[in-house]
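Beneath this line is the structure, given in structure tokens, with notes to follow.
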Amino acid sequence: MKLSLHIMRECVNCHGPLQAARLSCTACGLSFEGTFNTPRLARLEPDQQQLVEQMVLAAGNLKDVASAIEVSYPTLRKRLDNLILALSTLREQDDAQIAKFLSAVEAGEMTAESAARLIRELHGQS
């Protein structure tokens, strides 16, 4: 079976999203286990991540991006619209998750520190 980045993002059994449960240091071997959220950009499809990278490298110049990925401007525009939709959807999902974290804190089911850590992870902060 060929493993790809796509497979590593979803369960090979049920195709549900995977979530990091263990982080370890390659230098000293220290490990952390728990529930870790990944930032929005890491949850994009691989081709969308590549488009974001090209956009940054081209300083947002769509003509340069279209040339770099060898597509027409209308094709690039469609891909960019799909990227915007994907990021908007992920942001809405994150906002709903944050609301759940805050409700759990209010109900005494989660500490404020845990909620703050999870919210920072969703925003790509450490």
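Quick note on naming: the chains in the structure tokens go A, B, ... in the order shown, residues restart at 1 in each chain, and ligands are numbered from 1 in order of appearance.
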
All residues 10 Å or closer to Ile98 in chain A, only C-alpha atoms, same chain fewer than 2 positions away omitted, as a list in words:
Glu92, Gln93, Asp94, Asp95, Ala96, Lys100, Phe101, Leu102, Ser103, Ala104, Ala115, Ala116, Leu118, Ile119 and Leu122 of chain A

Go ahead and write the selection's residues with C-alpha atoms as a PDB file, in the first residue's frame.
```
ATOM      1  CA  GLU A  92     -16.209  28.125  10.796  1.00  0.00           C
ATOM      2  CA  GLN A  93     -15.389  24.637  12.107  1.00  0.00           C
ATOM      3  CA  ASP A  94     -12.665  26.088  14.344  1.00  0.00           C
ATOM      4  CA  ASP A  95     -15.030  28.755  15.677  1.00  0.00           C
ATOM      5  CA  ALA A  96     -17.560  26.027  16.552  1.00  0.00           C
ATOM      6  CA  LYS A 100     -17.312  23.949  22.592  1.00  0.00           C
ATOM      7  CA  PHE A 101     -14.041  24.456  24.481  1.00  0.00           C
ATOM      8  CA  LEU A 102     -15.405  27.560  26.187  1.00  0.00           C
ATOM      9  CA  SER A 103     -18.657  25.786  27.092  1.00  0.00           C
ATOM     10  CA  ALA A 104     -16.644  22.914  28.559  1.00  0.00           C
ATOM     11  CA  ALA A 115      -8.893  25.258  26.482  1.00  0.00           C
ATOM     12  CA  ALA A 116      -6.363  28.040  25.915  1.00  0.00           C
ATOM     13  CA  LEU A 118      -6.248  23.921  22.260  1.00  0.00           C
ATOM     14  CA  ILE A 119      -7.361  27.307  20.954  1.00  0.00           C
ATOM     15  CA  LEU A 122      -6.152  25.815  16.221  1.00  0.00           C
TER      16      LEU A 122
END
```

Taking the chain letters and numbering used in this document, name the residues of range 83-125 of chain A that DSSP puts in alpha helix (DSSP H), as an MDAnalysis selection string.
chainID A and resid 83:106 112:122

Those in chain A with strand (DSSP E or B) from DSSP, as a ChimeraX atom specification:
/A:10,17,20-24,31-36

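Residues surrounding Leu90 in chain A within 12 Å are Thr38, Pro39, Arg40, Leu41, Ala42, Arg43, Leu44, Glu45, Leu83, Ile84, Leu85, Ala86, Asp94, Asp95, Ala96, Gln97, Leu122 and His123 of chain A [only C-alpha atoms; sequence separation below 4 positions excluded].
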
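Across the structure, CA of Met55 in chain A and CA of Gly124 in chain A are spaced 19.1 Å apart.
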
Measuring atom to atom with only C-alpha atoms, identify which of A:Tyr73, A:Ala107, A:Asn37, A:Lys78 is nearest to Ala21 in chain A.
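Distance minimum relative to Ala21 in chain A lands on A:Asn37.
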